[in-house]
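Asker: Sharing a structure with you now.
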Amino acid sequence: MAGEELGLPEDYVHDRLFVYLRLEGDSTYDNKVHGLLNDNHPVVQLHLKDLYDLGGEFFRWEMATVIAGRRLDINPFDQPNVESAKVLAREMVRGYHEKGTLPKSVPDLETDDMQIFTNVLVANAEEALCQFLAQIKPGDGNGSGRSYVALQAYIQPTEESNTALQQLRQTIRDHYRVATTVGYGPRFLHSTGQLHKGDAGNGLFIQFTNAAERDTAIPDNVGQDKSSMSFGVLKAAQALGDRQALLEGGRKIIRFHFKGDVIAALNRLNQTLS
């Protein structure tokens with residue numbers, strides 16, 4: 001996972017493959033990687049003579065993506081499930097142009113600082129998160145069928161939000177000993193969107209949204225001021241479309257819509273699990 005600090009061997013179950021890109025003369029991670037090997041975690045070590053070897057790695061991992069995609073029953077040359085989310089988002093935008101508003105959903109729980117959209121009866125946001133994560137499946141002894149948790153952040157990417165999301169992601173990883181990912185929407189759709197909706201259905205998805213603090217109008221035509229929609233509306237439409245695509249695919253998803261301080265809300269959820 002990008003931005004993830006390598007944990008201790010006991011932080012992981014045997015449900016993942018570790019790849020160690022080691023630059024010649026740099027032993028920074030040798031001890032931690034040896035710890036993984038001693039605990040019988042599968043580790044692939046690739047030795048780079050210099051930084052120019054990264055060019056060859058691009059090709060290697062393009063091929064690896066194809067092979068891994070086929071093993072996961074994901075079409076590596078198409079993204080039909082990503083397209084389904086785009087279709088739903090376009091329907092949301094079309095409805096906005098016709099009615100002047102995006103579809104309204106009734107939250108299952110509303111507090112002073114957030115709305116929670118889930119399918120269980122809960123008393124507060126902390127209980128909602130814990131009950132949702134209680135659905136994590138351990139899988140078999142080889143990790144097959146084991147759940148993973150994906151944090152989908154349709155919020156402003158800042159250093160503060162990066163830190164808060166990574167802390168929450170790592171807490172979930174360590175507490176439930178499960179693979180985790182985090183990505184900002186809508187851009188994560190182009191990297192993991194097909195996995196989320198086209199795999200065997202083992203993912204649990206936590207979506208974070210909020211109203212744009214600052215918004216910018218999208219001109220209807222280049223060089224003109226007239227605008228029928230803003231970037232904030234477009235982003236909200238993409239989040240709603242992605243959520244609907246996950247629901248239609250039978251995926252487990254919970255949505256937290258923040259009305260106030262996003263960082264404080266994320267930290268509070270993290271403290272619940274800590």
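Ordering of the structure tokens sets the chain letters (A, B, ...); residue numbers start at 1 within each chain; ligands are numbered from 1 in the order shown.
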Residues at most 8 Å from Ala164 in chain A, counting only C-alpha atoms, excluding those fewer than 5 positions away in the same chain, as a list in words?
Answerer: Ile263, Leu266 and Asn267 of chain A
Asker: Could those selected residues go to a file with C-alpha atoms, as a PDB file, in the first residue's frame?
Answerer:
```pdb
ATOM      1  CA  ILE A 263      -9.836  15.706  10.286  1.00  0.00           C
ATOM      2  CA  LEU A 266     -11.484  10.893  11.062  1.00  0.00           C
ATOM      3  CA  ASN A 267      -9.372  11.044  14.212  1.00  0.00           C
TER       4      ASN A 267
END
```
Asker: For range 152-160 of chain A, work out the shell of residues within 7 Å, counting only C-alpha atoms and skipping chain neighbours fewer than 2 positions away, then give it as a list in words.
Answerer: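 These residues fall inside the cut-off: Ala150, Asn162, Thr163, Ala164, Val182, Gly183, Tyr184, Gly185, Pro186, Ile206, Gln207, Phe208, Thr209, Asn210, Ala239 and Ile263 of chain A.
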Asker: Which residues are close to range 17-32 of chain A, i.e. within 10 Å by only C-alpha atoms, leaving aside same-chain residues fewer than 4 positions away? Reply as a list in words.
Answerer: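 My reading of the contact set: Leu6, Gly7, Leu8, Pro9, Leu36, Leu37, Asn38, His41, Pro42, Val43, Val44, Gln45, Leu46, His47, Leu48, Lys49, Asp50, Leu51, Asp53, Leu54 and Glu57 of chain A.
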Asker: Show me, as a list in words, the residues that have an atom within 8 Å of range 187-195 of chain A when counting only C-alpha atoms, minus same-chain residues fewer than 6 positions from it.
Answerer: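 Near range 187-195 of chain A, the qualifying residues are Ile74, Gln79, Pro80, Asn81, Val82 and Gln152 of chain A.
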Asker: Going by DSSP on the backbone, which bits of range 14-256 of chain A are alpha helix (DSSP H)? Write them as a ChimeraX atom specification, please.
Answerer: /A:30-38,54-71,80-99,125-133,159-176,193-198,231-248
Asker: Extract the full set of strand (DSSP E or B) residues from range 3-129 of chain A according to DSSP on the backbone, and format it as a PyMOL selection string.
Answerer: chain A and resi 18-23+43-48+109-110+114-117
Asker: Just the residues within 10 Å of Gly241 in chain A, please, counting only C-alpha atoms, with nothing from its chain fewer than 6 positions along; format it as a ChimeraX atom specification.
Answerer: /A:84-93,235,247
Asker: Given the selection you just returned, output its residues as a file containing N, CA and C atoms, formatted as an mmCIF file, in the first residue's frame.
Answerer:
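Contents of selection-v8.cif, as written:
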```cif
data_model
loop_
_atom_site.group_PDB
_atom_site.id
_atom_site.type_symbol
_atom_site.label_atom_id
_atom_site.label_comp_id
_atom_site.auth_asym_id
_atom_site.auth_seq_id
_atom_site.Cartn_x
_atom_site.Cartn_y
_atom_site.Cartn_z
ATOM 1 N N SER A 84 -19.119 1.067 -15.326
ATOM 2 C CA SER A 84 -20.469 1.067 -14.744
ATOM 3 C C SER A 84 -20.633 2.200 -13.738
ATOM 4 N N ALA A 85 -19.579 2.493 -12.977
ATOM 5 C CA ALA A 85 -19.635 3.612 -12.029
ATOM 6 C C ALA A 85 -19.710 4.936 -12.773
ATOM 7 N N LYS A 86 -18.985 5.026 -13.919
ATOM 8 C CA LYS A 86 -19.026 6.250 -14.716
ATOM 9 C C LYS A 86 -20.422 6.473 -15.301
ATOM 10 N N VAL A 87 -21.057 5.376 -15.749
ATOM 11 C CA VAL A 87 -22.414 5.475 -16.296
ATOM 12 C C VAL A 87 -23.369 5.998 -15.239
ATOM 13 N N LEU A 88 -23.271 5.466 -14.030
ATOM 14 C CA LEU A 88 -24.138 5.915 -12.950
ATOM 15 C C LEU A 88 -23.858 7.367 -12.588
ATOM 16 N N ALA A 89 -22.571 7.757 -12.608
ATOM 17 C CA ALA A 89 -22.230 9.151 -12.316
ATOM 18 C C ALA A 89 -22.816 10.081 -13.368
ATOM 19 N N ARG A 90 -22.754 9.653 -14.634
ATOM 20 C CA ARG A 90 -23.335 10.476 -15.698
ATOM 21 C C ARG A 90 -24.849 10.610 -15.535
ATOM 22 N N GLU A 91 -25.487 9.540 -15.047
ATOM 23 C CA GLU A 91 -26.928 9.625 -14.782
ATOM 24 C C GLU A 91 -27.212 10.633 -13.667
ATOM 25 N N MET A 92 -26.342 10.652 -12.660
ATOM 26 C CA MET A 92 -26.492 11.624 -11.571
ATOM 27 C C MET A 92 -26.359 13.053 -12.115
ATOM 28 N N VAL A 93 -25.385 13.262 -12.983
ATOM 29 C CA VAL A 93 -25.170 14.591 -13.567
ATOM 30 C C VAL A 93 -26.351 14.989 -14.432
ATOM 31 N N LYS A 235 -17.881 16.013 -8.341
ATOM 32 C CA LYS A 235 -17.224 15.078 -7.423
ATOM 33 C C LYS A 235 -18.256 14.313 -6.601
ATOM 34 N N LEU A 247 -23.035 -1.084 -4.481
ATOM 35 C CA LEU A 247 -24.257 -1.688 -3.946
ATOM 36 C C LEU A 247 -24.885 -2.649 -4.951
#
```
Asker: Work out how far CA of Thr171 in chain A is from CA of Asn270 in chain A, in Å to one decimal.
Answerer: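 According to the coordinates, CA of Asn270 in chain A and CA of Thr171 in chain A are separated by 6.9 Å.
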Asker: Excluding Glu127 in chain A and its own-chain neighbours fewer than 3 positions away, which residues fall within 12 Å of it when counting only C-alpha atoms? Please give them as a list of chain:residue names.
Answerer: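 In the requested format, the answer is A:Leu109, A:Ile116, A:Thr118, A:Val120, A:Leu121, A:Val122, A:Ala123, A:Asn124, A:Cys130, A:Gln131, A:Phe132, A:Leu133, A:Ala134, A:Arg268, A:Leu269, A:Thr272, A:Leu273.
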